[in-house]
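Okay, work_4.cif is below, mmCIF, C-alpha atoms:
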```
data_work
loop_
_atom_site.label_atom_id
_atom_site.label_comp_id
_atom_site.auth_asym_id
_atom_site.auth_seq_id
_atom_site.Cartn_x
_atom_site.Cartn_y
_atom_site.Cartn_z
CA MET A 1 108.32 114.69 83.51
CA LYS A 2 109.56 115.10 79.96
CA ARG A 3 108.26 112.73 77.30
CA ASP A 4 111.75 111.43 76.55
CA ILE A 5 112.42 110.55 80.20
CA LEU A 6 108.98 108.97 80.59
CA ASP A 7 109.47 106.81 77.49
CA ARG A 8 112.91 105.65 78.62
CA LEU A 9 111.67 104.88 82.12
CA LEU A 10 108.75 102.85 80.74
CA ALA A 11 111.12 100.98 78.40
CA ALA A 12 113.47 100.14 81.29
CA LYS A 13 110.60 98.89 83.41
CA ALA A 14 109.15 96.83 80.56
CA ALA A 15 112.55 95.25 79.92
CA ALA A 16 113.10 94.61 83.66
CA ILE A 17 116.23 96.78 83.66
CA PRO A 18 117.02 98.37 87.05
CA ALA A 19 117.00 102.17 86.86
CA ALA A 20 116.69 105.22 89.08
CA LEU A 21 114.91 108.42 88.18
CA VAL A 22 116.77 111.29 89.82
CA THR A 23 114.79 114.53 90.20
CA ASP A 24 116.25 117.89 91.09
CA LEU A 25 113.47 119.13 93.35
CA ASN A 26 114.47 122.77 92.81
CA SER A 27 114.59 122.86 89.02
CA GLY A 28 112.38 119.87 88.18
CA LEU A 29 115.08 118.52 85.84
CA GLN A 30 115.37 114.75 85.71
CA THR A 31 118.06 112.23 84.85
CA LEU A 32 117.77 108.47 84.47
CA VAL A 33 120.60 106.41 85.93
CA TYR A 34 121.17 102.81 84.86
CA GLU A 35 123.84 100.44 86.09
CA ASP A 36 125.94 101.21 83.02
CA ALA A 37 124.58 104.44 81.59
CA VAL A 38 123.11 107.85 82.37
CA HIS A 39 120.58 109.79 80.37
CA GLY A 40 118.84 113.05 81.05
CA GLY A 41 118.61 116.68 81.93
CA PHE A 42 121.59 117.13 84.22
CA GLY A 43 124.87 115.47 85.03
CA LEU A 44 125.90 113.88 88.32
CA GLU A 45 129.30 114.00 89.93
CA PRO A 46 130.98 110.58 90.07
CA ASP A 47 130.45 110.20 93.83
CA LEU A 48 126.75 111.05 93.54
CA LEU A 49 126.42 108.65 90.63
CA ASP A 50 128.00 105.91 92.75
CA GLU A 51 125.54 106.66 95.53
CA VAL A 52 122.55 106.50 93.16
CA ARG A 53 123.73 103.12 91.88
CA ARG A 54 124.21 101.91 95.45
CA ARG A 55 120.59 102.88 96.11
CA ILE A 56 119.49 100.89 93.06
CA ARG A 57 121.23 97.80 94.43
CA GLN A 58 119.72 98.43 97.88
CA ASP A 59 116.29 99.08 96.35
CA ARG A 60 116.11 102.25 98.41
CA SER A 61 114.34 105.35 97.10
CA GLY A 62 114.79 108.63 98.95
CA LEU A 63 116.27 112.10 99.16
CA LEU A 64 119.95 112.47 98.43
CA VAL A 65 121.96 115.10 100.23
CA ASP A 66 124.48 116.83 98.05
CA PRO A 67 127.35 117.78 100.38
CA GLN A 68 128.20 120.65 98.01
CA ASP A 69 124.72 122.09 98.40
CA GLU A 70 124.15 124.08 101.57
CA ASP A 71 120.39 124.09 101.02
CA GLY A 72 120.37 120.44 102.07
CA PHE A 73 117.97 118.02 100.38
CA ARG A 74 117.86 118.66 96.69
CA LEU A 75 117.76 115.41 94.75
CA PHE A 76 115.14 112.70 94.95
CA VAL A 77 116.20 109.22 93.84
CA HIS A 78 113.31 106.99 92.78
CA VAL A 79 114.49 103.42 92.29
CA HIS A 80 112.59 101.34 89.75
CA ASN A 81 113.72 97.75 90.09
CA PRO A 82 112.17 94.77 88.34
CA ALA A 83 109.48 92.97 90.34
CA MET A 84 110.51 90.54 93.08
CA ARG A 85 110.17 86.93 91.88
CA LEU A 86 108.51 83.91 93.41
CA LEU A 87 109.36 80.47 92.06
CA ILE A 88 106.78 77.89 93.12
CA VAL A 89 107.82 74.25 92.73
CA GLY A 90 104.75 72.07 92.40
CA ALA A 91 101.66 72.99 90.38
CA VAL A 92 99.43 71.73 93.21
CA HIS A 93 96.22 73.06 94.73
CA ILE A 94 98.03 75.37 97.16
CA ALA A 95 100.03 76.78 94.24
CA GLN A 96 96.74 77.72 92.55
CA ALA A 97 96.03 79.97 95.54
CA LEU A 98 99.62 81.13 96.15
CA ALA A 99 100.22 82.29 92.56
CA PRO A 100 97.46 84.96 92.54
CA VAL A 101 98.18 86.06 96.14
CA ALA A 102 101.85 86.54 95.22
CA ALA A 103 100.93 88.37 92.01
CA LEU A 104 98.70 90.74 93.99
CA THR A 105 101.63 91.37 96.33
CA GLY A 106 103.66 92.47 93.31
CA TYR A 107 105.72 89.34 92.66
CA ASP A 108 106.56 87.95 89.24
CA VAL A 109 105.45 84.32 89.67
CA THR A 110 106.66 81.18 87.90
CA VAL A 111 105.20 77.75 88.65
CA ILE A 112 107.59 74.88 88.04
CA ASP A 113 106.36 71.31 87.54
CA PRO A 114 107.49 68.71 85.00
CA ARG A 115 104.21 66.82 85.41
CA GLY A 116 102.11 67.94 82.47
CA ALA A 117 98.79 67.13 84.13
CA PHE A 118 99.49 69.60 86.94
CA ALA A 119 101.10 72.59 85.28
CA THR A 120 98.36 73.47 82.82
CA GLU A 121 97.07 76.81 81.59
CA ALA A 122 93.58 75.75 82.67
CA ARG A 123 94.73 75.33 86.28
CA PHE A 124 96.98 78.42 86.21
CA PRO A 125 95.43 80.99 83.89
CA GLY A 126 97.89 83.73 83.00
CA VAL A 127 100.69 82.33 85.20
CA LYS A 128 104.16 81.57 83.79
CA LEU A 129 104.66 77.79 83.73
CA ASN A 130 107.97 75.96 83.50
CA HIS A 131 107.92 72.23 82.71
CA LEU A 132 111.59 71.45 83.36
CA TRP A 133 112.75 69.35 86.30
CA PRO A 134 113.11 71.73 89.26
CA ASP A 135 116.92 71.70 89.38
CA GLU A 136 117.09 72.43 85.64
CA ALA A 137 114.39 75.08 85.98
CA LEU A 138 116.28 76.83 88.79
CA ALA A 139 119.52 76.65 86.79
CA GLU A 140 117.67 78.44 84.02
CA LEU A 141 115.81 80.97 86.19
CA LYS A 142 118.82 81.75 88.41
CA PRO A 143 117.28 82.82 91.75
CA ASP A 144 118.88 86.06 92.99
CA VAL A 145 118.59 88.17 96.16
CA ARG A 146 115.17 89.38 94.98
CA THR A 147 113.82 85.84 94.52
CA ALA A 148 111.82 83.59 96.87
CA VAL A 149 111.56 79.83 96.27
CA VAL A 150 108.80 77.65 97.72
CA THR A 151 108.48 73.89 97.25
CA LEU A 152 104.99 72.43 97.52
CA THR A 153 105.07 68.96 95.90
CA HIS A 154 105.65 66.78 99.01
CA ASP A 155 107.60 64.57 96.60
CA PRO A 156 111.33 64.36 97.46
CA LYS A 157 112.15 63.59 93.82
CA LEU A 158 110.89 67.06 92.91
CA ASP A 159 111.31 69.08 96.11
CA ASP A 160 114.84 68.01 97.07
CA PRO A 161 116.64 68.98 93.84
CA ALA A 162 114.81 72.32 93.94
CA LEU A 163 115.82 72.94 97.56
CA ILE A 164 119.45 72.05 96.91
CA ALA A 165 119.57 74.50 94.00
CA ALA A 166 117.72 77.17 95.97
CA LEU A 167 119.95 76.85 99.04
CA ARG A 168 123.03 77.25 96.88
CA SER A 169 121.59 80.40 95.32
CA PRO A 170 121.31 83.89 96.87
CA ALA A 171 117.48 83.52 97.10
CA PHE A 172 116.27 85.61 100.06
CA TYR A 173 113.62 83.08 101.06
CA VAL A 174 113.46 79.31 100.75
CA GLY A 175 110.38 77.53 102.08
CA ALA A 176 109.22 73.92 101.96
CA LEU A 177 105.72 72.58 102.56
CA GLY A 178 105.49 69.59 104.88
CA SER A 179 104.83 68.63 108.49
CA LYS A 180 107.52 68.80 111.17
CA ARG A 181 108.14 65.05 110.71
CA THR A 182 108.34 65.34 106.94
CA HIS A 183 110.64 68.30 107.34
CA ALA A 184 112.98 66.46 109.73
CA LEU A 185 113.28 63.59 107.22
CA ARG A 186 113.88 66.12 104.46
CA LEU A 187 116.72 67.75 106.39
CA ASP A 188 118.33 64.33 106.93
CA ARG A 189 118.22 63.64 103.18
CA LEU A 190 119.69 67.04 102.37
CA ARG A 191 122.51 66.56 104.88
CA ASP A 192 123.22 63.21 103.23
CA GLU A 193 123.44 65.10 99.92
CA GLY A 194 126.25 67.15 101.44
CA LEU A 195 124.46 70.33 102.46
CA SER A 196 125.84 72.07 105.52
CA GLU A 197 123.88 72.72 108.70
CA ALA A 198 123.88 76.45 107.90
CA GLU A 199 122.47 75.73 104.45
CA VAL A 200 119.63 73.47 105.58
CA LYS A 201 118.74 75.91 108.39
CA ARG A 202 117.84 78.47 105.74
CA ILE A 203 114.75 76.46 104.83
CA ARG A 204 111.49 77.76 106.30
CA GLY A 205 109.76 74.52 107.18
CA PRO A 206 107.01 73.81 107.89
CA VAL A 207 106.47 76.70 105.48
CA GLY A 208 104.48 79.80 106.37
CA LEU A 209 103.55 81.82 109.43
CA SER A 210 101.80 79.90 112.19
CA ILE A 211 98.25 81.26 111.84
CA GLY A 212 96.35 77.99 111.92
CA ALA A 213 95.87 78.00 108.16
CA VAL A 214 93.78 75.10 106.81
CA THR A 215 92.55 75.79 103.30
CA PRO A 216 94.83 76.33 100.27
CA ALA A 217 94.02 80.05 100.29
CA GLU A 218 94.79 80.35 104.01
CA ILE A 219 98.07 78.47 103.56
CA ALA A 220 98.89 80.78 100.64
CA ILE A 221 98.31 83.79 102.90
CA SER A 222 100.54 82.29 105.63
CA ILE A 223 103.32 81.68 103.09
CA MET A 224 103.02 85.16 101.55
CA GLY A 225 102.90 86.62 105.06
CA GLN A 226 106.16 84.88 105.92
CA ILE A 227 107.84 85.94 102.68
CA THR A 228 106.75 89.53 103.40
CA CYS A 229 108.02 89.27 106.98
CA VAL A 230 111.43 88.01 105.83
CA ARG A 231 111.66 90.79 103.28
CA ARG A 232 110.35 93.68 105.37
CA GLY A 233 110.10 92.76 109.02
CA GLU A 234 113.59 93.30 110.36
CA ASN A 235 112.47 93.16 113.98
CA HIS A 236 109.61 90.72 113.68
CA PRO A 237 109.75 86.97 114.31
CA CYS A 238 108.94 85.18 111.05
CA MET B 239 92.37 91.79 89.34
CA ASN B 240 92.90 95.52 89.73
CA ASP B 241 96.24 96.31 88.10
CA THR B 242 96.81 99.42 90.14
CA LEU B 243 97.00 97.27 93.27
CA MET B 244 100.08 95.58 91.87
CA ALA B 245 102.66 97.98 93.22
CA ASP B 246 104.74 100.27 91.11
CA ASN B 247 102.81 100.65 87.87
CA ILE B 248 101.45 104.15 88.39
CA VAL B 249 103.87 105.63 85.85
CA GLU B 250 102.39 103.25 83.29
CA GLN B 251 98.89 104.41 84.19
CA ALA B 252 99.97 108.05 83.87
CA ALA B 253 101.48 107.35 80.45
CA ALA B 254 98.31 105.58 79.31
CA TRP B 255 96.13 108.54 80.28
CA ARG B 256 98.56 110.93 78.60
CA ALA B 257 98.50 108.81 75.44
CA ALA B 258 94.70 109.11 75.50
CA GLY B 259 95.11 112.88 75.24
CA ARG B 260 94.38 113.78 78.85
CA ARG B 261 96.41 116.12 81.02
CA VAL B 262 98.13 114.19 83.78
CA ALA B 263 100.04 114.96 86.97
CA LEU B 264 102.14 112.50 88.92
CA ALA B 265 102.53 112.76 92.71
CA THR B 266 105.40 110.96 94.46
CA VAL B 267 106.20 110.58 98.16
CA VAL B 268 109.79 111.85 98.43
CA ALA B 269 110.23 111.86 102.22
CA THR B 270 108.44 110.64 105.31
CA TRP B 271 108.92 111.12 109.05
CA GLY B 272 107.19 109.15 111.75
CA SER B 273 104.30 106.82 111.10
CA SER B 274 103.52 107.62 107.49
CA PRO B 275 101.29 104.97 105.97
CA ARG B 276 102.89 104.83 102.52
CA PRO B 277 106.65 104.54 101.95
CA VAL B 278 108.94 106.81 99.96
CA GLY B 279 108.43 106.22 96.25
CA SER B 280 104.67 105.64 96.52
CA GLN B 281 102.87 107.35 93.68
CA MET B 282 99.50 108.63 92.63
CA ALA B 283 98.53 109.69 89.12
CA VAL B 284 95.72 112.18 88.54
CA ASP B 285 94.15 113.22 85.24
CA ASP B 286 92.08 116.22 84.19
CA ARG B 287 88.84 114.25 84.53
CA GLY B 288 89.50 113.60 88.20
CA SER B 289 90.62 109.99 87.74
CA MET B 290 93.09 108.81 90.37
CA ALA B 291 95.35 105.75 90.51
CA GLY B 292 97.60 104.73 93.38
CA SER B 293 98.05 106.56 96.68
CA VAL B 294 100.48 108.70 98.67
CA SER B 295 99.01 108.10 102.14
CA GLY B 296 96.36 106.00 103.79
CA GLY B 297 93.70 108.14 102.20
CA CYS B 298 94.28 111.24 104.34
CA ILE B 299 95.86 113.64 101.88
CA GLU B 300 94.87 112.26 98.48
CA GLY B 301 92.12 114.85 98.08
CA ALA B 302 94.47 117.73 98.83
CA VAL B 303 97.17 116.32 96.56
CA ALA B 304 94.65 115.89 93.74
CA HIS B 305 93.66 119.54 94.20
CA GLU B 306 97.29 120.68 93.90
CA ALA B 307 97.74 118.29 90.95
CA THR B 308 95.00 120.16 89.11
CA LYS B 309 97.02 123.37 89.45
CA THR B 310 100.12 121.60 88.15
CA MET B 311 98.16 120.32 85.14
CA GLU B 312 97.10 123.90 84.43
CA ASP B 313 100.39 125.77 84.88
CA GLY B 314 102.88 122.95 84.24
CA GLU B 315 104.79 123.88 87.40
CA SER B 316 106.09 121.20 89.75
CA ARG B 317 105.13 121.49 93.41
CA LEU B 318 106.70 120.18 96.60
CA LEU B 319 103.98 119.70 99.22
CA SER B 320 104.46 119.09 102.93
CA PHE B 321 101.85 117.51 105.15
CA GLY B 322 102.04 116.87 108.85
CA ILE B 323 101.20 117.90 112.35
CA THR B 324 104.22 120.06 113.02
CA ASN B 325 104.31 121.80 109.68
CA GLU B 326 103.01 125.34 109.48
CA MET B 327 101.22 124.43 106.28
CA ALA B 328 99.48 121.55 108.04
CA TRP B 329 96.31 120.50 106.35
CA GLU B 330 93.50 119.47 108.57
CA VAL B 331 92.85 116.50 106.31
CA GLY B 332 96.40 115.29 106.84
CA LEU B 333 96.34 114.87 110.55
CA ALA B 334 94.44 111.60 110.86
CA CYS B 335 97.26 109.56 109.33
CA GLY B 336 99.94 110.85 111.70
CA GLY B 337 103.53 111.41 110.71
CA GLN B 338 104.81 113.83 108.13
CA VAL B 339 105.10 113.39 104.42
CA GLN B 340 106.52 115.37 101.52
CA VAL B 341 104.95 114.88 98.12
CA TYR B 342 106.40 116.06 94.81
CA VAL B 343 103.82 116.81 92.13
CA GLU B 344 104.89 117.11 88.50
CA ALA B 345 103.17 117.38 85.15
CA VAL B 346 103.56 114.49 82.70
CA GLU B 347 104.41 115.97 79.30
#
```

Representation of the structure as structure tokens:
Amino acid sequence: MKRDILDRLLAAKAAAIPAALVTDLNSGLQTLVYEDAVHGGFGLEPDLLDEVRRRIRQDRSGLLVDPQDEDGFRLFVHVHNPAMRLLIVGAVHIAQALAPVAALTGYDVTVIDPRGAFATEARFPGVKLNHLWPDEALAELKPDVRTAVVTLTHDPKLDDPALIAALRSPAFYVGALGSKRTHALRLDRLRDEGLSEAEVKRIRGPVGLSIGAVTPAEIAISIMGQITCVRRGENHPC
Amino acid sequence: MNDTLMADNIVEQAAAWRAAGRRVALATVVATWGSSPRPVGSQMAVDDRGSMAGSVSGGCIEGAVAHEATKTMEDGESRLLSFGITNEMAWEVGLACGGQVQVYVEAVE
């Protein structure tokens, strides 16, 4: 890998800019493809460029067959997308366990809680904290298809606005802590707020995989397991 | 927490070793068939002191890849390695993981 390509790739990753490193496996030449630019050792035909950008959006690395090339596999597309995000609403005890578990899983974690006594650096060392009200925080953080949102406060004043914002976003996972009874009451409130049945059904509640979790760390594992299952486990019940 | 556990920062590790003046090779899984333990795009960086970061399998072929990486550090040539049961070049060490995997090894300049 040439120094110039390495530096540009590192810069893109540091700036959270989606990019794909395309390697010609025969010559070793490499080209970086961004959503709006190309830089590197060889050019790509427009249809191949479109395909590489499709792979970036699908987050799918792999070999690329060039129909013009009878030797078959020739290009390797390595997608480097920004980290998946997890937005945790509620700087509670479970969040203190969930934040590091999610970070270890590769997620970029933000803990949202307007209550100053909860969202402190001492309780969440090294974790991004957001002290806005959850609906304002989500408006600012804009959950996308690579974002999971989990509410943990048990307080409808905080959880409900977050859930409404999350359900109206493309977030790939929306989970809410609370018992079956609490969750049923929550769904009633959200319906009263005008959310559709399809929207409220997106909520994973009670949150997490059913593994008999008791402690905050165990609950964190069940939540992260469910998020992983929704992301990866096409044929698994989550 | 071990940073190299946090998915997808092996290029950064390779760059850091290079910046420290070491020779570095980067190995990347470019294709898999069957039950390969690490997905396409998984990477391992190796330096000339034998340091390794990341992985390209469940531990079955890392030793062999590191050996080939040493050659790449010396001659600067990229290598495309194939591991698996049905491949003629099958490495005994590769069989325990099952599946087939192709690994591209390149020097970091």

Residues of chain B that approach chain A to 10 Å or less, counting all atoms listed in the file: could you list each one with the shortest pair of atoms and its distance in Å to one decimal, rows by chain and increasing residue number, as CSV?
```
residue,atom,partner,partner_atom,distance
B:Met239,CA,A:Leu104,CA,7.9
B:Asn240,CA,A:Leu104,CA,8.6
B:Asp241,CA,A:Leu104,CA,8.5
B:Thr242,CA,A:Leu104,CA,9.7
B:Leu243,CA,A:Leu104,CA,6.8
B:Met244,CA,A:Gly106,CA,5.0
B:Ala245,CA,A:Gly106,CA,5.6
B:Asp246,CA,A:His80,CA,8.0
B:Asn247,CA,A:Lys13,CA,9.1
B:Val249,CA,A:Leu10,CA,7.6
B:Glu250,CA,A:Leu10,CA,6.9
B:Ala252,CA,A:Leu6,CA,9.6
B:Ala253,CA,A:Leu6,CA,7.7
B:Arg256,CA,A:Arg3,CA,10.0
B:Ala263,CA,A:Met1,CA,9.0
B:Leu264,CA,A:Met1,CA,8.5
B:Thr266,CA,A:His78,CA,9.0
B:Val267,CA,A:Gly62,CA,8.8
B:Val268,CA,A:Gly62,CA,6.0
B:Ala269,CA,A:Gly62,CA,6.5
B:Thr270,CA,A:Gly62,CA,9.2
B:Pro277,CA,A:Ser61,CA,9.1
B:Val278,CA,A:Gly62,CA,6.2
B:Gly279,CA,A:Ser61,CA,6.0
B:Ser280,CA,A:His78,CA,9.5
B:Gly314,CA,A:Met1,CA,9.9
B:Glu315,CA,A:Gly28,CA,8.6
B:Ser316,CA,A:Gly28,CA,6.6
B:Arg317,CA,A:Leu25,CA,8.7
B:Leu318,CA,A:Leu25,CA,7.6
B:Tyr342,CA,A:Leu25,CA,7.8
B:Val343,CA,A:Gly28,CA,9.9
B:Glu344,CA,A:Met1,CA,6.5
B:Ala345,CA,A:Met1,CA,6.0
B:Val346,CA,A:Met1,CA,4.8
B:Glu347,CA,A:Lys2,CA,5.3
```

Polymer residues at most 12 Å from stretch 15-18 of chain A, all atoms listed in the file, same-chain spacing of 3 or more positions, as a list in words: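 Once the nearby chain positions are removed, what remains is Arg8, Leu9, Leu10, Ala11, Ala12, Leu21, Leu32, Val33, Tyr34, Glu35, Asp36, Ala37, Val52, Arg53, Arg54, Arg55, Ile56, Arg57, Gln58, Asp59, His78, Val79, His80, Asn81, Pro82, Ala83, Met84, Arg85 and Asp108 of chain A.
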
As an exercise, work out the distance from atom CA of A:Glu199 to atom CA of A:Leu132 in Å and give it to one decimal place.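 It comes out at 24.1 Å.
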
Which residues are near B:Glu312? Cut-off 9 Å, only C-alpha atoms, ignore same chain within fewer than 4 positions. Put them as a ChimeraX atom specification. /B:261,307-308,345

State, in Å with one decimal place, the distance from atom CA of A:Ala119 to atom CA of A:Leu195. 29.1 Å

Tell me, as an MDAnalysis selection string, which residues lie within 10 Å of stretch 169-186 of chain A, counting all atoms listed in the file; anything in the same chain fewer than 6 positions away does not count. chainID A and resid 85:89 94 138:139 142:156 159:160 162:163 192 200:208 219 223 226:228 230:231

Written as an mmCIF file with C-alpha atoms, in the coordinates of the input, which residues does the PyMOL selection byres ((chain B and resi 296) around 9) give for the file shown?
```cif
data_model
loop_
_atom_site.group_PDB
_atom_site.id
_atom_site.type_symbol
_atom_site.label_atom_id
_atom_site.label_comp_id
_atom_site.auth_asym_id
_atom_site.auth_seq_id
_atom_site.Cartn_x
_atom_site.Cartn_y
_atom_site.Cartn_z
ATOM 1 C CA SER B 274 103.520 107.620 107.490
ATOM 2 C CA PRO B 275 101.290 104.970 105.970
ATOM 3 C CA ARG B 276 102.890 104.830 102.520
ATOM 4 C CA SER B 293 98.050 106.560 96.680
ATOM 5 C CA VAL B 294 100.480 108.700 98.670
ATOM 6 C CA SER B 295 99.010 108.100 102.140
ATOM 7 C CA GLY B 297 93.700 108.140 102.200
ATOM 8 C CA CYS B 298 94.280 111.240 104.340
ATOM 9 C CA ILE B 299 95.860 113.640 101.880
ATOM 10 C CA GLU B 300 94.870 112.260 98.480
ATOM 11 C CA CYS B 335 97.260 109.560 109.330
#
```

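In terms of minimum interatomic distance to B:Ser289, B:Val262 ranks closest within B:Thr310, B:Val262, B:Val339, B:Ser320, counting only C-alpha atoms.
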
Would you mind reading off the distance between atom CA of B:Met311 and atom CA of A:Arg74, one decimal, in Å? 22.9 Å

Nearest to A:His236 by atom-to-atom distance, counting all atoms listed in the file, from A:Leu29, A:Met224, A:Ala122, A:Leu209: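 Smallest separation from A:His236 among the options: A:Leu209.
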